[in-house]
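Here is input_8.cif, consisting of mmCIF, C-alpha atoms:
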data_final
#
loop_
_atom_site.label_atom_id
_atom_site.label_comp_id
_atom_site.auth_asym_id
_atom_site.auth_seq_id
_atom_site.Cartn_x
_atom_site.Cartn_y
_atom_site.Cartn_z
CA MET A 1 0.00 0.00 0.00
CA ASP A 2 1.38 3.40 -0.92
CA VAL A 3 0.95 6.22 1.54
CA LEU A 4 1.23 9.99 1.33
CA PRO A 5 4.62 10.66 2.87
CA TYR A 6 5.65 13.57 5.07
CA THR A 7 8.09 16.23 3.87
CA ARG A 8 11.70 15.27 4.36
CA GLN A 9 13.52 17.47 6.83
CA ILE A 10 16.97 17.57 5.29
CA LEU A 11 17.56 21.32 4.98
CA SER A 12 16.59 22.20 8.52
CA GLU A 13 18.29 19.31 10.28
CA PRO A 14 21.67 19.47 11.94
CA PRO A 15 24.13 16.76 10.91
CA SER A 16 24.63 13.78 13.23
CA LEU A 17 28.34 14.57 13.41
CA TYR A 18 29.24 18.12 14.40
CA PRO A 19 32.69 17.94 16.01
CA ALA A 20 32.39 21.30 17.78
CA TYR A 21 29.74 19.55 19.88
CA THR A 22 32.18 16.96 21.13
CA SER A 23 29.67 14.33 22.27
CA THR A 24 28.63 13.82 18.65
CA VAL A 25 32.05 12.38 17.78
CA SER A 26 31.56 9.03 19.52
CA ARG A 27 27.79 8.95 19.17
CA SER A 28 27.12 9.64 15.49
CA PRO A 29 26.83 6.91 12.89
CA ARG A 30 29.79 6.53 10.54
CA GLN A 31 27.76 4.77 7.85
CA PRO A 32 25.33 6.85 5.80
CA LEU A 33 21.68 6.62 6.79
CA VAL A 34 19.71 4.16 4.68
CA THR A 35 16.86 6.05 3.01
CA ILE A 36 13.62 4.11 3.17
CA PRO A 37 10.16 4.92 1.85
CA GLN A 38 7.66 6.13 4.39
CA THR A 39 5.32 3.22 4.97
CA LEU A 40 2.27 2.79 7.15
CA THR A 41 4.73 2.43 10.04
CA GLU A 42 6.17 5.91 9.57
CA VAL A 43 3.03 7.85 8.66
CA THR A 44 1.10 6.57 11.67
CA GLY A 45 2.07 7.33 15.24
CA PRO A 46 0.83 7.84 18.77
CA MET A 47 -1.66 10.57 17.92
CA ALA A 48 -4.21 11.98 20.36
CA PHE A 49 -3.36 9.60 23.17
CA GLY A 50 -1.97 12.29 25.45
CA ASP A 51 -4.44 11.73 28.24
CA ARG A 52 -3.74 8.01 28.32
CA LEU A 53 -0.02 8.02 27.77
CA PHE A 54 1.44 10.70 29.88
CA ARG A 55 1.33 12.22 33.31
CA PRO A 56 -1.30 14.82 34.20
CA PRO A 57 -0.99 18.10 32.28
CA VAL A 58 1.05 20.95 33.76
CA HIS A 59 0.74 24.30 32.05
CA ASP A 60 1.63 26.59 34.96
CA MET A 61 5.10 25.58 36.05
CA THR A 62 5.15 28.27 38.73
CA ARG A 63 2.44 26.48 40.73
CA GLN A 64 4.10 23.12 41.32
CA GLY A 65 5.68 23.90 44.68
CA LYS A 66 4.51 25.27 48.01
CA GLY A 67 5.59 28.77 47.07
CA GLU A 68 6.51 30.77 44.00
CA PRO A 69 9.76 29.95 42.24
CA LEU A 70 12.41 32.66 42.05
CA GLY A 71 13.20 34.39 38.80
CA GLU A 72 11.44 36.20 36.03
CA ARG A 73 7.93 34.85 35.38
CA ILE A 74 7.24 34.49 31.66
CA ILE A 75 4.52 33.27 29.35
CA VAL A 76 5.57 31.02 26.46
CA SER A 77 2.92 30.36 23.88
CA GLY A 78 2.56 29.57 20.23
CA ARG A 79 1.12 27.19 17.70
CA ILE A 80 2.19 23.83 16.41
CA LEU A 81 1.75 23.90 12.62
CA ASP A 82 2.71 21.74 9.71
CA ASP A 83 4.71 23.13 6.81
CA ARG A 84 1.55 24.18 4.99
CA GLY A 85 0.42 26.21 7.96
CA ARG A 86 -2.22 23.74 9.07
CA PRO A 87 -2.57 23.48 12.85
CA VAL A 88 -1.58 20.26 14.57
CA PRO A 89 -4.39 19.79 17.10
CA SER A 90 -4.46 17.56 20.18
CA THR A 91 -0.77 16.84 20.04
CA VAL A 92 1.36 16.49 23.14
CA VAL A 93 3.84 19.30 23.90
CA GLU A 94 6.36 18.40 26.60
CA ILE A 95 8.88 20.94 27.85
CA TRP A 96 11.69 20.98 30.39
CA GLN A 97 14.28 23.51 31.48
CA CYS A 98 16.67 24.62 34.20
CA ASN A 99 15.70 27.19 36.82
CA ALA A 100 16.47 30.91 36.84
CA ALA A 101 19.94 30.23 38.26
CA GLY A 102 20.84 27.82 35.44
CA ARG A 103 20.42 24.58 37.42
CA TYR A 104 18.35 21.54 36.45
CA ILE A 105 16.66 19.55 39.16
CA HIS A 106 18.29 16.49 37.53
CA LYS A 107 20.53 14.53 39.90
CA LYS A 108 23.41 14.52 37.43
CA ASP A 109 23.49 18.30 37.04
CA GLN A 110 26.51 19.39 39.09
CA HIS A 111 26.52 23.08 38.17
CA ASP A 112 27.36 25.14 41.25
CA ALA A 113 24.11 27.10 41.31
CA PRO A 114 21.18 26.80 43.70
CA LEU A 115 18.20 24.53 43.20
CA ASP A 116 14.81 26.13 43.67
CA PRO A 117 12.53 24.06 45.93
CA ASN A 118 9.51 25.54 44.17
CA PHE A 119 10.53 24.74 40.62
CA THR A 120 10.89 21.43 38.82
CA GLY A 121 11.04 22.88 35.33
CA GLN A 122 8.81 20.41 33.52
CA GLY A 123 5.45 20.84 31.86
CA ARG A 124 3.21 19.10 29.37
CA ILE A 125 -0.07 19.90 27.65
CA THR A 126 -1.92 18.98 24.48
CA THR A 127 -2.58 21.59 21.82
CA ASP A 128 -6.10 22.87 21.22
CA GLU A 129 -8.03 22.59 17.96
CA GLU A 130 -5.99 25.43 16.44
CA GLY A 131 -2.69 23.89 17.49
CA ARG A 132 -2.18 26.40 20.30
CA TYR A 133 -0.25 25.85 23.52
CA ARG A 134 0.58 28.14 26.43
CA PHE A 135 2.90 27.68 29.40
CA ILE A 136 3.65 29.89 32.37
CA THR A 137 7.17 29.38 33.62
CA ILE A 138 10.36 31.07 34.84
CA LYS A 139 12.93 32.38 32.40
CA PRO A 140 15.75 29.82 32.45
CA GLY A 141 19.32 30.90 33.14
CA ALA A 142 22.42 30.27 31.07
CA TYR A 143 24.75 27.61 32.47
CA PRO A 144 28.29 26.36 31.85
CA TRP A 145 29.03 22.94 30.37
CA ARG A 146 32.18 20.97 29.76
CA ASN A 147 32.17 20.89 25.96
CA HIS A 148 35.12 23.26 25.62
CA HIS A 149 36.89 25.99 27.60
CA ASN A 150 34.46 28.59 28.94
CA ALA A 151 31.47 26.95 27.28
CA TRP A 152 28.02 28.28 28.17
CA ARG A 153 24.65 27.12 26.94
CA PRO A 154 22.34 29.98 25.95
CA ALA A 155 19.13 30.11 27.96
CA HIS A 156 16.77 27.57 26.43
CA ILE A 157 13.64 25.51 26.94
CA HIS A 158 13.56 21.95 25.58
CA PHE A 159 10.47 21.07 23.52
CA SER A 160 9.30 17.57 22.61
CA LEU A 161 6.55 17.07 20.00
CA LEU A 162 4.89 13.98 18.64
CA GLY A 163 2.80 15.33 15.76
CA ARG A 164 0.60 13.06 13.70
CA GLY A 165 2.99 10.26 12.84
CA PHE A 166 6.24 8.51 13.76
CA ALA A 167 7.90 10.58 11.01
CA THR A 168 6.82 13.91 12.50
CA ARG A 169 8.55 13.43 15.87
CA LEU A 170 10.58 16.48 16.87
CA ILE A 171 12.72 17.43 19.82
CA THR A 172 14.10 20.94 19.71
CA GLN A 173 15.15 23.82 21.93
CA MET A 174 13.65 27.27 22.18
CA TYR A 175 16.06 30.18 22.59
CA PHE A 176 15.45 33.77 23.59
CA PRO A 177 15.79 36.79 21.27
CA GLY A 178 19.00 38.79 21.48
CA ASP A 179 20.98 36.17 23.41
CA PRO A 180 24.67 36.61 22.44
CA LEU A 181 25.43 33.01 23.42
CA ILE A 182 23.31 31.50 20.62
CA ASP A 183 25.78 32.12 17.82
CA ILE A 184 28.71 30.69 19.77
CA ASP A 185 26.85 27.63 21.04
CA PRO A 186 27.87 24.42 19.24
CA ILE A 187 24.44 22.83 19.69
CA ALA A 188 22.55 25.77 18.18
CA CYS A 189 25.29 26.34 15.57
CA ALA A 190 24.99 22.77 14.30
CA VAL A 191 21.94 24.19 12.51
CA PRO A 192 22.66 26.53 9.57
CA PRO A 193 22.06 30.23 10.42
CA GLU A 194 18.76 30.71 8.61
CA ALA A 195 17.16 27.63 10.13
CA ARG A 196 18.77 28.44 13.49
CA GLN A 197 16.63 31.58 13.68
CA ARG A 198 13.51 29.37 13.68
CA MET A 199 14.50 28.20 17.15
CA VAL A 200 14.57 31.74 18.55
CA SER A 201 11.33 32.86 20.17
CA ARG A 202 10.15 36.43 19.79
CA PHE A 203 9.07 38.83 22.48
CA ASP A 204 5.40 39.71 22.02
CA ILE A 205 3.67 42.59 23.76
CA ASP A 206 0.24 41.10 23.05
CA THR A 207 1.19 37.87 24.83
CA THR A 208 2.67 39.90 27.69
CA GLU A 209 0.23 40.38 30.57
CA SER A 210 0.16 43.82 32.11
CA GLY A 211 1.71 44.01 35.55
CA TRP A 212 2.40 40.28 35.61
CA ALA A 213 4.64 38.57 33.04
CA LEU A 214 6.48 39.11 29.75
CA GLY A 215 5.28 36.98 26.84
CA TYR A 216 7.29 35.08 24.24
CA VAL A 217 5.87 33.47 21.12
CA TYR A 218 7.39 30.30 19.73
CA ASP A 219 5.65 28.64 16.79
CA ILE A 220 6.88 25.19 15.84
CA VAL A 221 6.58 23.82 12.32
CA LEU A 222 6.45 20.04 11.93
CA ARG A 223 6.76 18.02 8.76
CA GLY A 224 3.48 18.04 6.81
CA ARG A 225 1.90 15.43 4.62
CA ASN A 226 2.36 15.90 0.89
CA GLU A 227 -0.83 16.73 -0.97
CA THR A 228 -0.21 14.26 -3.74
CA PRO A 229 1.58 10.91 -3.74
CA MET A 230 5.25 11.16 -4.51
CA GLU A 231 7.39 8.43 -5.90
CA ASN A 232 8.71 6.39 -3.08
CA VAL A 233 12.47 6.00 -2.92
CA LYS A 234 13.47 2.64 -4.29
CA MET B 1 0.55 37.79 7.33
CA SER B 2 -1.48 34.60 7.27
CA HIS B 3 -0.39 31.57 9.19
CA ILE B 4 0.20 29.72 5.94
CA GLN B 5 2.57 32.35 4.58
CA LYS B 6 4.32 32.51 7.89
CA ALA B 7 4.85 28.77 8.06
CA LEU B 8 6.25 28.61 4.56
CA THR B 9 8.50 31.58 5.29
CA HIS B 10 9.91 30.02 8.40
CA GLY B 11 10.20 26.43 7.23
CA LEU B 12 10.53 23.39 9.44
CA THR B 13 11.73 23.77 13.00
CA PRO B 14 15.14 22.06 13.31
CA TRP B 15 16.09 19.22 15.62
CA GLN B 16 18.20 19.71 18.73
CA THR B 17 19.59 17.17 21.15
CA VAL B 18 17.41 15.91 24.00
CA GLY B 19 20.46 16.57 26.23
CA PRO B 20 21.35 14.73 29.43
CA PHE B 21 18.63 16.13 31.69
CA PHE B 22 15.34 14.89 30.22
CA HIS B 23 14.67 12.17 32.80
CA TYR B 24 12.36 14.10 35.08
CA ALA B 25 10.30 15.38 32.15
CA LEU B 26 9.88 12.78 29.41
CA PRO B 27 9.73 9.21 30.77
CA TRP B 28 6.59 8.34 32.68
CA GLU B 29 5.62 5.52 35.02
CA GLY B 30 4.64 2.55 32.90
CA GLY B 31 5.91 4.16 29.72
CA ASN B 32 7.76 0.99 28.75
CA THR B 33 4.76 -1.30 29.30
CA LEU B 34 2.54 -1.33 26.22
CA VAL B 35 0.29 -4.18 27.33
CA GLY B 36 -2.33 -4.81 29.97
CA SER B 37 -3.21 -8.24 31.29
CA ASP B 38 -5.89 -8.91 28.69
CA VAL B 39 -4.11 -7.78 25.54
CA SER B 40 -4.62 -10.07 22.56
CA GLY B 41 -1.61 -11.66 20.91
CA GLU B 42 1.71 -13.04 22.04
CA LYS B 43 3.33 -11.07 24.83
CA ILE B 44 7.03 -10.42 24.35
CA VAL B 45 9.82 -8.47 25.97
CA LEU B 46 12.12 -6.33 23.82
CA ILE B 47 15.43 -5.40 25.41
CA GLY B 48 18.74 -4.07 24.17
CA GLN B 49 21.87 -2.23 25.13
CA VAL B 50 22.84 1.12 23.66
CA VAL B 51 26.62 1.31 23.18
CA ASP B 52 29.10 3.76 21.68
CA SER B 53 32.03 3.17 19.35
CA ASP B 54 34.11 1.55 22.10
CA GLY B 55 31.28 -0.71 23.20
CA ALA B 56 30.79 1.41 26.31
CA PRO B 57 27.18 1.49 27.51
CA ILE B 58 25.23 4.73 27.12
CA PRO B 59 23.36 5.34 30.38
CA ASP B 60 21.73 8.62 29.35
CA ALA B 61 19.91 7.67 26.14
CA MET B 62 16.17 7.31 25.56
CA VAL B 63 14.41 4.81 23.31
CA GLU B 64 10.91 5.11 21.87
CA ILE B 65 9.03 2.41 20.01
CA TRP B 66 6.00 2.43 17.73
CA GLN B 67 4.36 -0.70 16.45
CA ALA B 68 1.25 -2.39 15.14
CA ASP B 69 -0.80 -4.67 17.36
CA ALA B 70 -0.84 -8.45 17.08
CA GLY B 71 -3.27 -8.24 14.19
CA GLY B 72 -1.08 -5.82 12.24
CA TYR B 73 -3.28 -2.81 12.93
CA TYR B 74 -1.79 0.58 13.68
CA HIS B 75 -3.94 2.38 16.22
CA HIS B 76 -4.11 5.51 14.12
CA PRO B 77 -6.84 6.90 11.84
CA ASP B 78 -4.58 6.68 8.78
CA ASP B 79 -4.45 2.91 8.98
CA PRO B 80 -7.05 1.96 6.35
CA ARG B 81 -8.23 -0.89 8.59
CA HIS B 82 -8.53 1.39 11.63
CA ALA B 83 -12.29 0.92 11.93
CA GLU B 84 -11.84 -2.84 12.39
CA ILE B 85 -9.62 -2.55 15.46
CA LYS B 86 -11.00 -4.54 18.37
CA ASP B 87 -8.26 -4.22 20.97
CA ARG B 88 -8.78 -0.56 21.85
CA ASP B 89 -6.58 -0.68 24.94
CA PHE B 90 -3.41 -1.20 22.97
CA ILE B 91 -1.74 1.96 21.67
CA GLY B 92 1.60 0.73 20.37
CA PHE B 93 3.83 3.51 21.70
CA GLY B 94 6.43 3.25 24.45
CA ARG B 95 9.26 5.30 25.89
CA CYS B 96 12.15 4.09 28.05
CA PRO B 97 15.34 5.78 29.29
CA THR B 98 18.41 3.54 29.30
CA ASP B 99 19.63 2.35 32.70
CA GLU B 100 23.14 2.60 34.13
CA GLU B 101 24.24 -0.33 31.95
CA GLY B 102 22.74 1.23 28.86
CA PHE B 103 19.77 -1.12 28.65
CA TYR B 104 16.23 -0.37 27.52
CA ARG B 105 13.31 -2.73 28.06
CA PHE B 106 9.73 -2.87 26.76
CA GLU B 107 6.87 -5.23 27.52
CA THR B 108 4.73 -5.49 24.44
CA VAL B 109 3.19 -7.92 21.96
CA ARG B 110 4.65 -9.39 18.83
CA PRO B 111 3.23 -7.18 16.07
CA GLY B 112 1.50 -8.64 13.04
CA PRO B 113 2.64 -8.02 9.47
CA VAL B 114 1.57 -4.72 7.92
CA SER B 115 1.25 -3.58 4.34
CA GLY B 116 4.24 -2.02 2.60
CA PRO B 117 4.73 -0.01 -0.60
CA GLY B 118 2.84 -1.30 -3.62
CA ASN B 119 1.49 -4.77 -2.96
CA SER B 120 4.28 -5.72 -0.61
CA VAL B 121 3.93 -6.97 2.94
CA GLN B 122 6.23 -5.80 5.68
CA ALA B 123 7.50 -8.44 8.06
CA PRO B 124 6.59 -7.91 11.72
CA HIS B 125 8.76 -5.11 13.05
CA ILE B 126 8.94 -2.45 15.73
CA ALA B 127 10.02 1.09 14.79
CA ILE B 128 12.67 2.51 17.11
CA GLY B 129 13.67 6.09 17.83
CA LEU B 130 16.92 6.69 19.71
CA PHE B 131 17.63 9.96 21.53
CA GLY B 132 20.46 11.16 23.75
CA ARG B 133 23.12 13.65 24.64
CA GLY B 134 25.38 13.93 21.61
CA LEU B 135 22.54 13.01 19.23
CA LEU B 136 21.60 16.24 17.50
CA ARG B 137 18.63 14.45 16.00
CA ARG B 138 16.80 11.20 16.57
CA LEU B 139 18.29 8.06 15.12
CA VAL B 140 15.68 5.76 13.59
CA THR B 141 15.92 2.02 13.16
CA ARG B 142 13.69 -1.05 13.38
CA ALA B 143 13.65 -4.34 15.29
CA TYR B 144 12.71 -7.38 13.20
CA PHE B 145 12.17 -10.90 14.54
CA PRO B 146 14.67 -13.69 13.87
CA ASP B 147 12.07 -16.37 13.20
CA SER B 148 9.84 -14.57 10.69
CA PRO B 149 9.63 -16.08 7.20
CA LEU B 150 8.42 -12.70 5.93
CA ASN B 151 11.83 -11.11 6.57
CA GLU B 152 13.10 -12.58 3.29
CA ALA B 153 10.80 -10.39 1.15
CA ASP B 154 10.52 -7.37 3.46
CA PRO B 155 10.75 -4.19 1.35
CA VAL B 156 12.78 -2.27 3.94
CA LEU B 157 15.22 -5.06 4.78
CA GLY B 158 15.73 -5.34 1.03
CA LEU B 159 17.22 -1.83 0.98
CA ILE B 160 20.00 -2.76 3.41
CA THR B 161 23.27 -4.25 2.20
CA PRO B 162 23.10 -7.95 3.12
CA GLU B 163 26.06 -7.91 5.53
CA ARG B 164 24.36 -5.23 7.68
CA VAL B 165 20.86 -6.70 7.84
CA ALA B 166 21.70 -8.60 11.01
CA THR B 167 22.00 -5.32 12.92
CA VAL B 168 18.21 -4.84 12.77
CA ILE B 169 17.21 -8.43 13.50
CA ALA B 170 16.67 -9.05 17.19
CA SER B 171 18.09 -12.20 18.78
CA ALA B 172 15.95 -14.65 20.74
CA GLU B 173 17.01 -14.75 24.37
CA PRO B 174 15.92 -17.27 27.03
CA PRO B 175 12.25 -16.67 27.92
CA VAL B 176 11.44 -15.12 31.28
CA ASP B 177 8.34 -16.52 33.03
CA GLY B 178 7.40 -18.13 29.75
CA ILE B 179 7.46 -14.82 27.88
CA PRO B 180 9.75 -14.69 24.84
CA VAL B 181 12.56 -12.15 25.11
CA PHE B 182 14.08 -10.51 22.06
CA ARG B 183 17.23 -8.40 22.18
CA LEU B 184 18.38 -5.71 19.79
CA ASP B 185 21.48 -3.75 20.76
CA LEU B 186 21.91 -0.30 19.26
CA ARG B 187 25.46 0.64 18.28
CA PHE B 188 26.35 4.15 17.18
CA GLN B 189 29.59 3.14 15.48
CA GLY B 190 32.05 0.29 15.04
CA ASP B 191 32.11 -3.05 13.28
CA CYS B 192 28.47 -3.83 13.97
CA GLU B 193 27.14 -0.29 13.63
CA THR B 194 23.36 -0.41 13.61
CA VAL B 195 21.66 0.47 10.36
CA PHE B 196 19.89 3.78 10.91
CA PHE B 197 17.22 4.99 8.52
CA ASP B 198 16.40 8.31 6.93
CA VAL B 199 12.62 8.37 6.93
#

Do you think you could lay out the structure here as C-alpha cells?
Amino acid sequence: MDVLPYTRQILSEPPSLYPAYTSTVSRSPRQPLVTIPQTLTEVTGPMAFGDRLFRPPVHDMTRQGKGEPLGERIIVSGRILDDRGRPVPSTVVEIWQCNAAGRYIHKKDQHDAPLDPNFTGQGRITTDEEGRYRFITIKPGAYPWRNHHNAWRPAHIHFSLLGRGFATRLITQMYFPGDPLIDIDPIACAVPPEARQRMVSRFDIDTTESGWALGYVYDIVLRGRNETPMENVK
Amino acid sequence: MSHIQKALTHGLTPWQTVGPFFHYALPWEGGNTLVGSDVSGEKIVLIGQVVDSDGAPIPDAMVEIWQADAGGYYHHPDDPRHAEIKDRDFIGFGRCPTDEEGFYRFETVRPGPVSGPGNSVQAPHIAIGLFGRGLLRRLVTRAYFPDSPLNEADPVLGLITPERVATVIASAEPPVDGIPVFRLDLRFQGDCETVFFDV
C-alpha cells in the first residue's frame, strides 16, 4: 500500500556529526543513513493519546511547589503547525528547562548554582483545535558545560513534539531573542544560520500580561503530509 | 501575514539534542509497558543495550518504540483498517530511558505483518527512535524478529546491504516466566554499527 509521505527534513536538520559539539564524535553513525520509503509504520504514530499516555498536564510551572519559584515569570505560547500552515491539534507538547539560576533539578546536574525548591522545570499539555499551547514558567538561566573551555549554553527551553505520525517526531530547543550566546553555542550552531533563527522565540507585547509577566511566542513547524503521492524511494 | 505564509517563510523547525537532563520530564511511570493483562496476541519483551564506538554502555539515552498490534493494525486513523480494530486498549507507543548499563526494556506484543509499498507486505517489526546527549537528532531504526519467514521479502530489509541486515534483526534470548525475550542492541559506530534509517 502506498501512503502519502511527510516532507523530508533535510535542509533544517543538523548533521549527526558536528565535532564542535564533542559528544557527537563518539555517538554519530559513521555509515550513511539508509533512506527508506515512508510506509504505514512511519506515517502513523501515537496521535491523540496524550491523556492516556502521559502524566497529568502541567501548564503553569510556577504552581508546582509550596511557594513561588524565584526568577522572572514568563509566558511562552505559540502554535504547532505543519509546513503548509495547518494546525496540529491535540498533540502532546512536553517541555523541560533549568531554573532561573541555570540549574536543572536532575541529579546529574553538578553546576554550582542553587536549586529552587519551588521549581521542577517540567510541563506538558496537548494543543487545542488550532494547534495552540501556552505555558507559564520562569525564564531559564544560562549555564556552563564541559564541551570546551568557557562553554556556556544559551538560555533555552527543551520542547518535545509527537505530531501526527512517527515521522513527525521532533525534539528541539527554544532560545530567547538577542541572546549573544546562541551564535557561539555548538548545539545551536549545528543548525545553519537561517534555520537556526527558527528556534529563537520572539518577544510579544500582546502575549505579555500587564503588571504580571512578559510573553514570548514560539511557533513550531512540523513536517506536513504531501498533498499528492510522490514516488517512493526505491 | 497569514499563518500559511508565515509557516512557509519560516520552514521546518530544526532538531536539537534531547540533552542529558530529560529524565524528570519525558519518561513516565509505565511508559515501557505497552500491554495490559488482557491484551490479545503473544506477549514479548524487547530489550537491548545502547553502546558507543568503544562498546561502552550509554546510560543517558532514551528509546521510543511504535508498532502495530498483534493483528497488524496501527492504532491511528490513517491505517485503512482502523475501523476494524477490536483491541482498543493497545496503543503501540512506548518510551524508556536507558539504565546505568545502557539497557532499555519494553513489555509489548509481537506485532503482526503490515502492508508495505505497492502490494508488498512488511514483516513484523517495531520502529525505534533513539535519543540522547550527543545526538543532535533522533536516530531511527527497526527491530525485526529472527524467526519470521516474511523477513526474506521485506521491502525495507531489502534496501539494506546484506552484511548489515543482522543489525536490525533481534536475537531470541531465554524466555522469562514463559514470555519470549528478544534483544536488539543499538550501536552508534564500530564493526556492527546499527543500520539507521532516513525516513

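Residues of chain B lying within 6 Å of chain A, counting only C-alpha atoms, are His3, Ile4, Ala7, Leu12, Thr13, Pro14, Trp15, Gln16, Phe21, Ala25, Asp52, Ser53, His76, Ser115, Gly116, Pro117, Gly118, Asn119, Gly134, Leu136, Phe188, Gln189, Phe196, Phe197, Asp198 and Val199 of chain B.
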
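As for atom CA of Pro124 of chain B and atom CA of Glu64 of chain B, they are spaced 17.1 Å apart.
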
So how far away is atom CA of Ser148 of chain B from atom CA of Leu184 of chain B, in Å? 15.3 Å

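Nearest-residue note for Glu129 of chain A: choosing from A:Thr91, A:Gln110, A:Asn150, A:Asn99, the minimum distance belongs to A:Thr91, counting only C-alpha atoms.
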
Residues near segment 56-71 of chain A, cut-off 9 Å, all atoms listed in the file, skip fewer than 2 positions along chain, as a PyMOL selection string: chain A and resi 51+54+73+99-101+116-126+133-140

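Among B:Leu135, B:Cys96, B:Ile44, B:Val195, the residue with the shortest atom-to-atom distance to Ile169 of chain B, counting only C-alpha atoms, is B:Val195.
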
Using atom CA of Arg88 of chain B and atom CA of Val109 of chain B as the two end points, give the distance in Å to one decimal. 14.1 Å

Expansion of the PyMOL selection byres ((chain B and resi 149-157) around 6) into residues, as a list of chain:residue names: B:Gln122, B:Ala123, B:Ser148, B:Gly158, B:Leu159, B:Ile160

Decode the PyMOL selection byres ((chain B and resi 90) around 8) for the given file into explicit residues and return them as a ChimeraX atom specification. /B:34-36,39,69,75,87-89,91-92

Residues as selected, C-alpha atoms, written as a compact mmCIF listing (two decimals), keeping the file's coordinate frame, can you do that?
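Final file, again-v6.txt:
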# COMPACT_ATOMS: atom_id res chain seq x y z
CA LEU B 34 2.54 -1.33 26.22
CA VAL B 35 0.29 -4.18 27.33
CA GLY B 36 -2.33 -4.81 29.97
CA VAL B 39 -4.11 -7.78 25.54
CA ASP B 69 -0.80 -4.67 17.36
CA HIS B 75 -3.94 2.38 16.22
CA ASP B 87 -8.26 -4.22 20.97
CA ARG B 88 -8.78 -0.56 21.85
CA ASP B 89 -6.58 -0.68 24.94
CA ILE B 91 -1.74 1.96 21.67
CA GLY B 92 1.60 0.73 20.37

Nearest to Thr127 of chain A, restricted to all atoms listed in the file and choosing among A:Val200, A:Leu161, A:Ala213, A:Ala20, comes out as A:Leu161
